[in-house]
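Visitor: Pasting entry.txt here (compact mmCIF, C-alpha atoms and all ligand atoms):
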```txt
# COMPACT_ATOMS: atom_id res chain seq x y z
CA MET A 1 -13.04 -35.68 -63.81
CA ALA A 2 -14.34 -36.54 -60.32
CA GLU A 3 -14.28 -33.59 -57.95
CA VAL A 4 -12.20 -33.87 -54.76
CA THR A 5 -13.54 -32.07 -51.67
CA ILE A 6 -10.93 -30.25 -49.59
CA TYR A 7 -11.89 -29.64 -45.93
CA GLU A 8 -10.11 -26.33 -45.40
CA GLY A 9 -11.34 -26.08 -41.80
CA ALA A 10 -8.99 -28.91 -40.76
CA LEU A 11 -5.86 -27.27 -42.17
CA ASP A 12 -3.07 -27.04 -39.57
CA LYS A 13 -5.58 -27.90 -36.81
CA GLY A 14 -4.35 -31.42 -36.14
CA LEU A 15 -7.35 -32.79 -38.08
CA GLU A 16 -9.61 -31.68 -35.22
CA GLY A 17 -13.15 -32.89 -35.78
CA VAL A 18 -12.23 -34.77 -38.95
CA VAL A 19 -13.67 -38.28 -39.25
CA ALA A 20 -10.87 -40.27 -40.92
CA CYS A 21 -12.48 -43.72 -41.01
CA THR A 22 -15.31 -45.82 -39.64
CA THR A 23 -14.37 -48.13 -36.77
CA ALA A 24 -16.01 -50.71 -34.52
CA VAL A 25 -13.04 -51.11 -32.15
CA SER A 26 -13.71 -48.40 -29.57
CA PHE A 27 -15.62 -45.14 -29.36
CA ILE A 28 -16.03 -42.09 -27.14
CA VAL A 29 -19.43 -40.60 -26.36
CA GLY A 30 -19.35 -37.58 -24.05
CA ASN A 31 -17.06 -38.73 -21.28
CA THR A 32 -17.70 -42.45 -21.78
CA LEU A 33 -15.16 -44.77 -23.40
CA ASN A 34 -16.42 -48.04 -24.88
CA TYR A 35 -14.49 -51.03 -26.24
CA ARG A 36 -16.61 -52.93 -28.76
CA GLY A 37 -19.72 -51.53 -27.07
CA TYR A 38 -18.75 -52.25 -23.43
CA THR A 39 -17.91 -49.33 -21.13
CA ILE A 40 -14.46 -49.35 -19.56
CA GLU A 41 -16.11 -49.12 -16.12
CA ASP A 42 -17.94 -52.40 -16.82
CA LEU A 43 -14.75 -54.07 -18.06
CA VAL A 44 -12.63 -52.80 -15.16
CA ALA A 45 -15.21 -54.11 -12.68
CA HIS A 46 -15.59 -57.58 -14.19
CA SER A 47 -12.96 -58.41 -16.79
CA ASN A 48 -9.20 -58.83 -17.11
CA PHE A 49 -6.62 -57.72 -19.68
CA GLU A 50 -6.52 -61.07 -21.52
CA GLU A 51 -10.30 -61.08 -21.94
CA VAL A 52 -10.20 -57.47 -23.18
CA ILE A 53 -7.58 -58.46 -25.77
CA PHE A 54 -9.91 -61.19 -27.05
CA LEU A 55 -12.79 -58.70 -27.11
CA LEU A 56 -10.81 -56.12 -29.07
CA TRP A 57 -9.67 -58.68 -31.64
CA ASN A 58 -12.88 -60.67 -32.03
CA ASN A 59 -15.64 -58.10 -31.48
CA ARG A 60 -17.24 -60.26 -28.75
CA LEU A 61 -16.46 -61.65 -25.31
CA PRO A 62 -14.85 -65.12 -25.26
CA SER A 63 -16.46 -68.35 -24.07
CA ALA A 64 -14.76 -70.00 -21.06
CA VAL A 65 -12.79 -72.29 -23.41
CA GLU A 66 -11.74 -69.39 -25.65
CA LEU A 67 -10.64 -67.35 -22.65
CA GLU A 68 -8.46 -70.18 -21.35
CA LYS A 69 -7.00 -70.62 -24.83
CA ILE A 70 -6.01 -66.98 -25.31
CA LYS A 71 -4.54 -66.87 -21.80
CA SER A 72 -2.52 -69.99 -22.51
CA ASP A 73 -1.42 -68.81 -26.00
CA LEU A 74 -0.28 -65.47 -24.59
CA ASN A 75 1.52 -67.10 -21.69
CA LYS A 76 3.35 -69.58 -23.94
CA ASN A 77 4.52 -66.77 -26.22
CA MET A 78 5.89 -64.46 -23.51
CA THR A 79 9.35 -66.06 -23.49
CA LEU A 80 11.96 -64.30 -25.61
CA ASP A 81 14.07 -66.60 -27.82
CA SER A 82 17.76 -66.84 -26.93
CA GLU A 83 19.04 -65.58 -30.31
CA TYR A 84 16.73 -62.59 -30.08
CA VAL A 85 17.88 -61.86 -26.52
CA SER A 86 21.52 -62.02 -27.68
CA ALA A 87 20.70 -59.40 -30.34
CA LEU A 88 18.90 -57.23 -27.76
CA LYS A 89 21.97 -57.34 -25.52
CA THR A 90 24.03 -55.67 -28.25
CA LEU A 91 21.83 -52.54 -28.11
CA PRO A 92 23.10 -49.68 -25.92
CA THR A 93 20.76 -49.10 -22.94
CA ASP A 94 21.74 -45.47 -22.28
CA VAL A 95 18.76 -44.36 -24.38
CA HIS A 96 15.13 -43.76 -23.55
CA PRO A 97 13.35 -47.14 -23.08
CA MET A 98 10.84 -46.16 -25.81
CA THR A 99 13.75 -45.76 -28.26
CA TRP A 100 14.99 -49.20 -27.25
CA LEU A 101 11.49 -50.70 -27.41
CA ARG A 102 10.91 -49.30 -30.90
CA THR A 103 14.12 -50.98 -32.14
CA ALA A 104 13.41 -54.19 -30.20
CA VAL A 105 9.97 -54.60 -31.78
CA SER A 106 11.42 -53.93 -35.21
CA LEU A 107 14.09 -56.59 -34.51
CA MET A 108 11.38 -59.13 -33.60
CA ALA A 109 10.39 -59.28 -37.26
CA HIS A 110 13.84 -60.66 -38.17
CA TRP A 111 12.99 -63.92 -36.37
CA ASP A 112 9.26 -64.01 -37.14
CA LYS A 113 8.52 -66.59 -39.83
CA ASP A 114 5.22 -64.82 -40.58
CA ALA A 115 6.83 -61.37 -40.85
CA ASN A 116 5.84 -60.71 -44.47
CA ASP A 117 2.68 -62.81 -44.56
CA ASN A 118 -0.32 -60.47 -44.35
CA SER A 119 -2.96 -63.22 -44.30
CA THR A 120 -5.53 -63.07 -41.48
CA GLU A 121 -4.17 -66.28 -39.95
CA ALA A 122 -0.55 -65.05 -39.97
CA ASN A 123 -1.61 -61.68 -38.58
CA MET A 124 -3.37 -63.37 -35.67
CA ARG A 125 -0.25 -65.45 -34.91
CA LYS A 126 1.88 -62.29 -34.98
CA ALA A 127 -0.70 -60.48 -32.86
CA ILE A 128 -0.37 -63.05 -30.08
CA ARG A 129 3.43 -62.88 -30.22
CA LEU A 130 3.51 -59.08 -30.24
CA VAL A 131 1.19 -58.67 -27.26
CA ALA A 132 2.71 -61.57 -25.31
CA LYS A 133 6.29 -60.36 -25.78
CA MET A 134 5.85 -56.59 -25.41
CA GLY A 135 5.97 -56.76 -21.58
CA SER A 136 8.84 -59.27 -21.64
CA ILE A 137 10.84 -56.92 -23.88
CA VAL A 138 10.32 -53.93 -21.54
CA CYS A 139 11.38 -56.11 -18.58
CA ALA A 140 14.41 -57.36 -20.53
CA PHE A 141 15.47 -53.74 -21.02
CA GLU A 142 15.19 -53.09 -17.29
CA ALA A 143 17.17 -56.28 -16.50
CA ILE A 144 19.90 -55.58 -19.08
CA ARG A 145 20.48 -51.98 -17.99
CA ASN A 146 20.64 -53.06 -14.33
CA LYS A 147 22.90 -56.01 -15.17
CA ARG A 148 20.33 -58.43 -13.79
CA GLU A 149 19.34 -61.82 -15.17
CA ILE A 150 16.42 -61.71 -17.63
CA LEU A 151 13.63 -63.71 -15.99
CA ASN A 152 11.38 -66.04 -17.93
CA PRO A 153 7.60 -65.78 -17.48
CA VAL A 154 5.83 -68.16 -15.11
CA ALA A 155 3.27 -70.52 -16.66
CA GLY A 156 -0.37 -70.07 -15.68
CA LYS A 157 0.09 -66.43 -14.64
CA SER A 158 -1.37 -63.34 -16.30
CA ILE A 159 0.41 -60.67 -18.33
CA ALA A 160 0.02 -58.24 -15.40
CA TRP A 161 1.47 -60.74 -12.87
CA ASN A 162 4.40 -61.72 -15.10
CA PHE A 163 5.14 -58.12 -16.04
CA MET A 164 5.38 -57.09 -12.38
CA ARG A 165 7.57 -60.07 -11.52
CA MET A 166 9.92 -59.78 -14.49
CA LEU A 167 10.26 -56.01 -14.01
CA LYS A 168 11.17 -56.15 -10.32
CA GLY A 169 12.62 -59.64 -10.07
CA THR A 170 10.47 -60.52 -7.06
CA GLU A 171 7.07 -62.15 -6.42
CA PRO A 172 4.52 -59.34 -6.98
CA ASP A 173 2.03 -58.06 -4.41
CA PRO A 174 -1.44 -59.34 -5.52
CA GLU A 175 -3.01 -55.89 -4.88
CA LEU A 176 -0.48 -54.28 -7.24
CA VAL A 177 -1.06 -56.98 -9.84
CA ASN A 178 -4.76 -56.08 -9.79
CA VAL A 179 -3.93 -52.41 -10.21
CA MET A 180 -1.60 -53.22 -13.11
CA ASP A 181 -4.28 -55.37 -14.74
CA THR A 182 -6.74 -52.45 -14.48
CA CYS A 183 -4.15 -50.06 -15.94
CA LEU A 184 -3.64 -52.45 -18.86
CA ILE A 185 -7.41 -52.57 -19.47
CA LEU A 186 -7.70 -48.78 -19.29
CA HIS A 187 -4.91 -48.13 -21.79
CA ALA A 188 -5.82 -50.89 -24.28
CA ASP A 189 -7.55 -48.73 -26.86
CA HIS A 190 -8.79 -45.21 -27.46
CA GLU A 191 -10.49 -44.73 -30.80
CA LEU A 192 -8.47 -42.74 -33.35
CA ASN A 193 -5.68 -41.45 -31.10
CA CYS A 194 -2.35 -40.42 -32.64
CA SER A 195 -0.66 -43.86 -32.39
CA ALA A 196 -3.73 -45.82 -33.57
CA PHE A 197 -3.92 -43.48 -36.54
CA ALA A 198 -0.19 -44.03 -37.20
CA THR A 199 -0.84 -47.79 -37.09
CA ARG A 200 -3.67 -47.46 -39.60
CA VAL A 201 -1.72 -45.17 -41.93
CA THR A 202 1.13 -47.69 -42.12
CA ALA A 203 -1.25 -50.66 -42.43
CA SER A 204 -3.11 -48.83 -45.21
CA SER A 205 -0.13 -49.24 -47.55
CA LEU A 206 -0.56 -52.98 -46.85
CA SER A 207 2.75 -52.95 -45.03
CA ASP A 208 3.22 -55.69 -42.42
CA MET A 209 2.05 -55.82 -38.80
CA HIS A 210 5.49 -55.23 -37.23
CA SER A 211 5.95 -52.10 -39.34
CA ALA A 212 2.54 -50.80 -38.26
CA ILE A 213 3.35 -51.40 -34.58
CA VAL A 214 6.77 -49.76 -34.88
CA SER A 215 5.06 -46.68 -36.37
CA ALA A 216 2.68 -46.68 -33.42
CA ILE A 217 5.47 -46.91 -30.83
CA GLY A 218 7.16 -43.93 -32.47
CA ALA A 219 3.93 -41.92 -32.23
CA LEU A 220 3.19 -42.97 -28.64
CA LYS A 221 6.65 -41.89 -27.47
CA GLY A 222 5.96 -38.16 -27.87
CA PRO A 223 5.18 -36.00 -24.81
CA LEU A 224 1.85 -34.86 -26.28
CA HIS A 225 0.72 -38.51 -26.40
CA GLY A 226 1.94 -41.45 -24.26
CA GLY A 227 5.12 -39.69 -23.17
CA ALA A 228 3.01 -37.39 -20.97
CA ASN A 229 2.76 -39.86 -18.04
CA GLU A 230 6.53 -39.75 -17.53
CA GLN A 231 6.52 -35.95 -17.84
CA VAL A 232 3.86 -35.68 -15.09
CA MET A 233 6.23 -37.38 -12.64
CA VAL A 234 9.10 -35.16 -13.79
CA MET A 235 6.83 -32.13 -13.22
CA LEU A 236 5.80 -33.25 -9.70
CA ALA A 237 9.47 -33.73 -8.79
CA LYS A 238 10.28 -30.28 -10.19
CA ILE A 239 7.48 -28.61 -8.19
CA GLY A 240 8.70 -30.39 -5.07
CA THR A 241 6.24 -29.20 -2.41
CA MET A 242 2.50 -28.48 -2.21
CA ASP A 243 2.94 -24.76 -1.53
CA LYS A 244 4.60 -24.28 -4.93
CA ALA A 245 2.01 -26.17 -7.02
CA GLN A 246 -0.51 -23.38 -7.72
CA GLN A 247 2.18 -20.88 -8.66
CA PHE A 248 3.81 -23.48 -10.92
CA VAL A 249 0.55 -23.89 -12.84
CA LYS A 250 -0.03 -20.14 -13.12
CA ASP A 251 3.55 -19.56 -14.32
CA ALA A 252 3.19 -22.35 -16.91
CA LEU A 253 -0.06 -20.85 -18.21
CA ASN A 254 1.43 -17.35 -18.37
CA ALA A 255 4.40 -18.72 -20.28
CA LYS A 256 1.99 -20.64 -22.60
CA GLU A 257 3.60 -23.92 -21.55
CA LYS A 258 1.71 -27.20 -21.33
CA VAL A 259 0.98 -28.74 -17.93
CA MET A 260 1.53 -32.41 -18.59
CA GLY A 261 -1.32 -34.90 -18.17
CA ILE A 262 -3.95 -32.17 -18.53
CA GLY A 263 -6.29 -31.48 -21.43
CA HIS A 264 -7.70 -33.64 -24.18
CA ARG A 265 -8.73 -33.18 -27.79
CA VAL A 266 -11.98 -35.12 -27.36
CA TYR A 267 -12.96 -35.20 -23.66
CA LYS A 268 -14.03 -31.77 -22.55
CA ASP A 269 -15.89 -32.92 -19.40
CA GLY A 270 -13.16 -35.19 -18.08
CA ASP A 271 -11.45 -38.42 -19.08
CA PRO A 272 -13.21 -41.44 -17.50
CA ARG A 273 -9.89 -43.28 -17.19
CA ALA A 274 -8.48 -40.47 -15.04
CA ALA A 275 -11.40 -40.81 -12.61
CA ILE A 276 -10.55 -44.49 -12.03
CA LEU A 277 -6.81 -43.87 -11.77
CA ARG A 278 -7.32 -40.99 -9.35
CA LYS A 279 -8.74 -43.42 -6.75
CA PHE A 280 -5.71 -45.73 -7.11
CA SER A 281 -3.41 -42.74 -6.82
CA LYS A 282 -4.98 -41.76 -3.50
CA THR A 283 -4.73 -45.27 -2.00
CA LEU A 284 -1.29 -46.14 -3.29
CA THR A 285 0.49 -42.86 -2.49
CA ALA A 286 -0.87 -43.22 1.08
CA LYS A 287 0.36 -46.82 1.17
CA ILE A 288 3.95 -45.79 0.38
CA GLY A 289 3.76 -42.87 2.84
CA LYS A 290 3.77 -40.14 0.16
CA PRO A 291 0.15 -38.81 0.25
CA GLU A 292 1.50 -35.37 -0.68
CA LEU A 293 2.07 -36.63 -4.24
CA TYR A 294 -1.66 -37.26 -4.59
CA GLU A 295 -2.59 -34.02 -2.83
CA MET A 296 -0.25 -32.02 -5.07
CA SER A 297 -1.78 -33.72 -8.12
CA VAL A 298 -5.31 -32.82 -6.96
CA LEU A 299 -4.25 -29.21 -6.43
CA ILE A 300 -2.79 -29.01 -9.95
CA ASP A 301 -5.93 -30.70 -11.32
CA GLU A 302 -8.21 -28.16 -9.54
CA THR A 303 -6.07 -25.17 -10.45
CA MET A 304 -6.02 -26.13 -14.14
CA ASN A 305 -9.78 -26.55 -14.09
CA LYS A 306 -10.30 -23.16 -12.42
CA GLU A 307 -7.77 -21.25 -14.51
CA LYS A 308 -8.32 -22.85 -17.91
CA GLY A 309 -11.32 -25.19 -17.69
CA LEU A 310 -9.06 -28.17 -18.51
CA MET A 311 -9.21 -31.57 -16.86
CA PRO A 312 -6.77 -34.44 -16.33
CA ASN A 313 -6.32 -37.14 -18.96
CA VAL A 314 -5.24 -40.78 -18.51
CA ASP A 315 -1.60 -39.81 -18.02
CA PHE A 316 -2.10 -37.50 -15.06
CA TYR A 317 -2.93 -39.87 -12.20
CA SER A 318 -1.29 -42.93 -13.78
CA ALA A 319 2.05 -41.25 -13.06
CA THR A 320 1.63 -41.37 -9.26
CA VAL A 321 0.03 -44.82 -9.51
CA TYR A 322 3.09 -46.27 -11.30
CA HIS A 323 5.48 -44.35 -9.04
CA SER A 324 3.77 -45.81 -5.96
CA MET A 325 4.17 -49.28 -7.47
CA GLY A 326 7.95 -48.72 -7.51
CA ILE A 327 8.15 -48.49 -11.29
CA PRO A 328 11.00 -46.37 -12.71
CA THR A 329 9.69 -43.12 -14.25
CA ASP A 330 11.04 -43.81 -17.75
CA ILE A 331 9.19 -47.15 -17.84
CA PHE A 332 5.75 -45.44 -17.57
CA THR A 333 5.36 -44.89 -21.33
CA PRO A 334 6.59 -48.40 -22.23
CA ILE A 335 3.77 -49.75 -19.97
CA PHE A 336 1.35 -47.77 -22.12
CA ALA A 337 2.75 -49.66 -25.14
CA VAL A 338 2.44 -53.04 -23.36
CA SER A 339 -1.30 -52.40 -23.16
CA ARG A 340 -2.04 -50.30 -26.26
CA VAL A 341 -0.44 -52.84 -28.62
CA ALA A 342 -3.71 -54.80 -28.20
CA GLY A 343 -5.68 -51.87 -29.62
CA TRP A 344 -3.14 -51.10 -32.34
CA ILE A 345 -3.49 -54.66 -33.61
CA ALA A 346 -7.30 -54.41 -33.62
CA HIS A 347 -6.99 -51.20 -35.68
CA ALA A 348 -4.43 -52.72 -38.08
CA ASN A 349 -6.70 -55.72 -38.67
CA GLU A 350 -9.74 -53.49 -39.19
CA GLN A 351 -7.73 -51.43 -41.67
CA TYR A 352 -6.57 -54.53 -43.59
CA GLU A 353 -10.18 -55.78 -43.75
CA LYS A 354 -11.57 -52.70 -45.50
CA ASN A 355 -8.50 -51.01 -46.78
CA ARG A 356 -7.98 -47.96 -48.91
CA ILE A 357 -4.59 -46.26 -48.66
CA TYR A 358 -4.51 -43.03 -46.62
CA ARG A 359 -3.44 -40.26 -48.96
CA PRO A 360 -4.67 -36.81 -47.92
CA ARG A 361 -3.70 -33.58 -49.66
CA GLY A 362 -1.50 -30.71 -48.55
CA LYS A 363 -2.32 -27.12 -49.43
CA TRP A 364 0.59 -25.50 -51.24
CA GLN A 365 1.89 -22.37 -49.47
CA GLY A 366 5.34 -22.03 -51.02
CA PRO A 367 6.70 -20.09 -54.00
CA GLU A 368 5.78 -21.03 -57.56
CA GLY A 369 7.39 -20.81 -60.98
CA LEU A 370 11.05 -20.79 -59.85
CA SER A 371 13.80 -21.60 -62.39
CA TRP A 372 16.92 -23.56 -61.58
CA LYS A 373 20.22 -21.61 -61.67
CA PRO A 374 23.78 -22.97 -61.93
CA VAL A 375 25.46 -23.13 -58.50
CA GLU A 376 27.89 -20.27 -59.32
CA ASP A 377 24.97 -17.92 -60.02
CA ARG A 378 23.11 -18.47 -56.70
N1 LIG B 1 -1.55 -27.09 -20.27
C1 LIG B 1 -1.76 -25.80 -20.55
N2 LIG B 1 -2.59 -25.38 -21.52
C2 LIG B 1 -3.20 -26.33 -22.23
C3 LIG B 1 -3.02 -27.68 -22.00
C4 LIG B 1 -2.16 -28.06 -20.96
N3 LIG B 1 -1.93 -29.33 -20.68
N4 LIG B 1 -3.75 -28.40 -22.87
C5 LIG B 1 -4.38 -27.53 -23.64
N5 LIG B 1 -4.04 -26.27 -23.26
C6 LIG B 1 -4.55 -25.02 -23.83
C7 LIG B 1 -3.74 -24.62 -25.05
O1 LIG B 1 -2.63 -23.83 -24.72
C8 LIG B 1 -4.80 -23.87 -25.83
O2 LIG B 1 -4.99 -22.63 -25.21
P1 LIG B 1 -5.33 -21.32 -26.06
O3 LIG B 1 -6.61 -21.64 -26.77
O4 LIG B 1 -5.45 -20.26 -25.03
O5 LIG B 1 -4.19 -21.12 -27.01
C9 LIG B 1 -6.06 -24.68 -25.59
O6 LIG B 1 -5.87 -25.25 -24.29
C10 LIG B 1 -6.28 -25.80 -26.59
O7 LIG B 1 -5.14 -26.63 -26.57
P2 LIG B 1 -4.56 -27.45 -27.80
O8 LIG B 1 -3.12 -27.75 -27.56
O9 LIG B 1 -4.92 -26.76 -29.07
O10 LIG B 1 -5.42 -28.77 -27.69
P3 LIG B 1 -5.22 -30.07 -28.56
O11 LIG B 1 -6.55 -30.68 -28.68
O12 LIG B 1 -4.48 -29.77 -29.80
O13 LIG B 1 -4.24 -30.95 -27.68
C11 LIG B 1 -3.45 -32.26 -25.92
C12 LIG B 1 -4.67 -31.91 -26.78
C13 LIG B 1 -3.81 -33.46 -25.06
C14 LIG B 1 -2.27 -32.65 -26.82
C15 LIG B 1 -3.11 -31.04 -25.05
O14 LIG B 1 -4.16 -30.82 -24.14
C16 LIG B 1 -1.79 -31.22 -24.33
O15 LIG B 1 -0.74 -30.90 -24.91
N6 LIG B 1 -1.80 -31.73 -23.07
C17 LIG B 1 -0.58 -31.99 -22.35
C18 LIG B 1 0.07 -33.27 -22.86
C19 LIG B 1 -0.70 -34.48 -22.45
O16 LIG B 1 -1.10 -34.63 -21.31
N7 LIG B 1 -0.86 -35.40 -23.39
C20 LIG B 1 -1.54 -36.68 -23.15
C21 LIG B 1 -2.80 -36.76 -23.94
S1 LIG B 1 -3.73 -38.18 -23.50
```
Taking this structure as input, can you express it in the form of structure tokens?
Ligand code: COA

Guide:
Amino acid sequence: MAEVTIYEGALDKGLEGVVACTTAVSFIVGNTLNYRGYTIEDLVAHSNFEEVIFLLWNNRLPSAVELEKIKSDLNKNMTLDSEYVSALKTLPTDVHPMTWLRTAVSLMAHWDKDANDNSTEANMRKAIRLVAKMGSIVCAFEAIRNKREILNPVAGKSIAWNFMRMLKGTEPDPELVNVMDTCLILHADHELNCSAFATRVTASSLSDMHSAIVSAIGALKGPLHGGANEQVMVMLAKIGTMDKAQQFVKDALNAKEKVMGIGHRVYKDGDPRAAILRKFSKTLTAKIGKPELYEMSVLIDETMNKEKGLMPNVDFYSATVYHSMGIPTDIFTPIFAVSRVAGWIAHANEQYEKNRIYRPRGKWQGPEGLSWKPVEDR
């Protein structure tokens, strides 16, 4: 019988240090994040979200014709069908938007003619629809709960531009569209994070693309993953003023509570995405006349570093960036999903291409040899 190796060191440690698969989608070296071999700094400086989507799905940059095609395909697929919108309107909106988004993406499959077709061609068609519609769905939620009309996307405009317009209902500021585009690039993928792993686990049973993405949304929602950006804003509001920030951090550490947006399993010398977002946070909080939000964030950042040697992750400064853009706090994590769905799809496709079902072992720690007793004898 073939021997099975059990890596005891990973037990109950969140699989820290465990290599679960090979991947060519994105990788982290030191404090550098690369998508398909390109650093995020390079992509942020020269690319746009649509091009990054092509890169993640095709393992190369597009030609001019290919770039125009993916932009046009995404744009054409942003509109939500009327029957689907009618179904969405039956869902209560007094829930967290991530709860609503998870259901809404699951519902998409009911109208998707490729839903159960796992061929490469069908998966690429679903991929376009999923990425194109994710932002429209989040904006539909915001419109429905505010009893506003659901706006249709404008042809020839990017995902970032349309997202900003459909969310607010007004023509977006070009500077903020650029910031949103950068945020979408920065959040698009991140190696084997919790939600990408959830995507791959579901895909590994050869379940369909919508199921894999719904699993990912569920994983992203948690406060230890994508839900942290919202919690950072909640924390800043709770602290209130600069003079209380240091004490807040010390009290949290003494109480063994997590300071949201700080720390990372992989980056120990700082998250490169946080460095980019920090600059936006400074400019944009000043622009809306609330520089103290940035200053308070810096103080928390420095105090955590001094007290615990921990640094901010992607969620820390994105909170004040989104807040300064006038985005409701509970929409922060859904924005993460609007971007990360591109990476989830790349991971699902990579999993389908070289699949073996994920089936780890658990180490038994319960009682053994028990015998059933009739209910009256228990
Ligand atoms: N605030 C306070 N202490 C923190 C901390 C934080 N944000 N992040 C880590 N720590 C501490 C832990 O308490 C632990 O301390 P100890 O060794 O004295 O017990 C140590 O640092 C290791 O933390 P651990 O939770 O084991 O790290 P992890 O690799 O399992 O978790 C995160 C990584 C990101 C989940 C964790 O840093 C965290 O919960 N951060 C806040 C949530 C967040 O921002 N999530 C978004 C991630 S992108």

Visitor: Select, from A:Gly263, A:Gly9, A:Gly14, A:Pro172, the residue with the minimum atom-to-atom distance to ligand LIG 1 (chain B), counting only C-alpha atoms and all ligand atoms.

Guide: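 Counting only C-alpha atoms and all ligand atoms, the residue closest to ligand LIG 1 (chain B) is A:Gly263.
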
Visitor: Using all atoms listed in the file, determine which residues fall within 9 Å of ligand LIG 1 (chain B), then list them as an MDAnalysis selection string.

Guide: chainID A and resid 13:14 16 193 222:229 231:232 249 252:253 256:266 271 304 308:316

Visitor: Taking only C-alpha atoms into account, name the residue in A:Asp189, A:Glu8, A:Asp112, A:Asp94 that is nearest to Arg125 (chain A).

Guide: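 Checking each of A:Asp189, A:Glu8, A:Asp112, A:Asp94 against Arg125 (chain A), counting only C-alpha atoms, the winner is A:Asp112.
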
Visitor: Which residue, A:Glu121, A:Glu230, A:Glu83, A:Glu51, has the smallest gap to Ile70 (chain A) when you use only C-alpha atoms?

Guide: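 The closest residue to Ile70 (chain A) is A:Glu51.
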
Visitor: Would you mind telling me which residue in A:Glu171, A:Glu350, A:Glu302, A:Asp330 lies nearest to Ser204 (chain A) when using only C-alpha atoms?

Guide: A:Glu350

Visitor: What lies within 8 Å of Ala245 (chain A) using all atoms listed in the file, ignoring chain neighbours under 3 positions off, as a list in words?

Guide: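 Using all atoms listed in the file, the neighbours found are Ile239, Thr241, Met242, Phe248, Val249, Met296, Leu299 and Ile300 of chain A.
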
Visitor: Could those selected residues go to a file with C-alpha atoms, as a short mmCIF file (atom, residue, chain, number, x, y, z; two decimals), keeping the file's coordinate frame?

Guide:
```cif
data_model
loop_
_atom_site.label_atom_id
_atom_site.label_comp_id
_atom_site.auth_asym_id
_atom_site.auth_seq_id
_atom_site.Cartn_x
_atom_site.Cartn_y
_atom_site.Cartn_z
CA ILE A 239 7.48 -28.61 -8.19
CA THR A 241 6.24 -29.20 -2.41
CA MET A 242 2.50 -28.48 -2.21
CA PHE A 248 3.81 -23.48 -10.92
CA VAL A 249 0.55 -23.89 -12.84
CA MET A 296 -0.25 -32.02 -5.07
CA LEU A 299 -4.25 -29.21 -6.43
CA ILE A 300 -2.79 -29.01 -9.95
#
```

Visitor: What is the CA of Val154 (chain A)-CA of Asn75 (chain A) distance in Å, reported with one decimal?

Guide: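 Separation between CA of Val154 (chain A) and CA of Asn75 (chain A): 7.9 Å.
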
Visitor: From the set A:Ala348, A:Leu80, A:Val29, A:Ile327, which residue has the shortest atom-to-atom contact distance to Trp57 (chain A), counting all atoms listed in the file?

Guide: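 Under the stated criterion, the closest residue is A:Ala348.
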
Visitor: Do you have the CA of Met180 (chain A)-CA of His96 (chain A) distance handy?

Guide: 21.9 Å

Visitor: Expressed in Å to a single decimal, how great is the separation between CA of Pro360 (chain A) and CA of Cys21 (chain A)?

Guide: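 About the pair CA of Pro360 (chain A) and CA of Cys21 (chain A): they are 12.5 Å apart.
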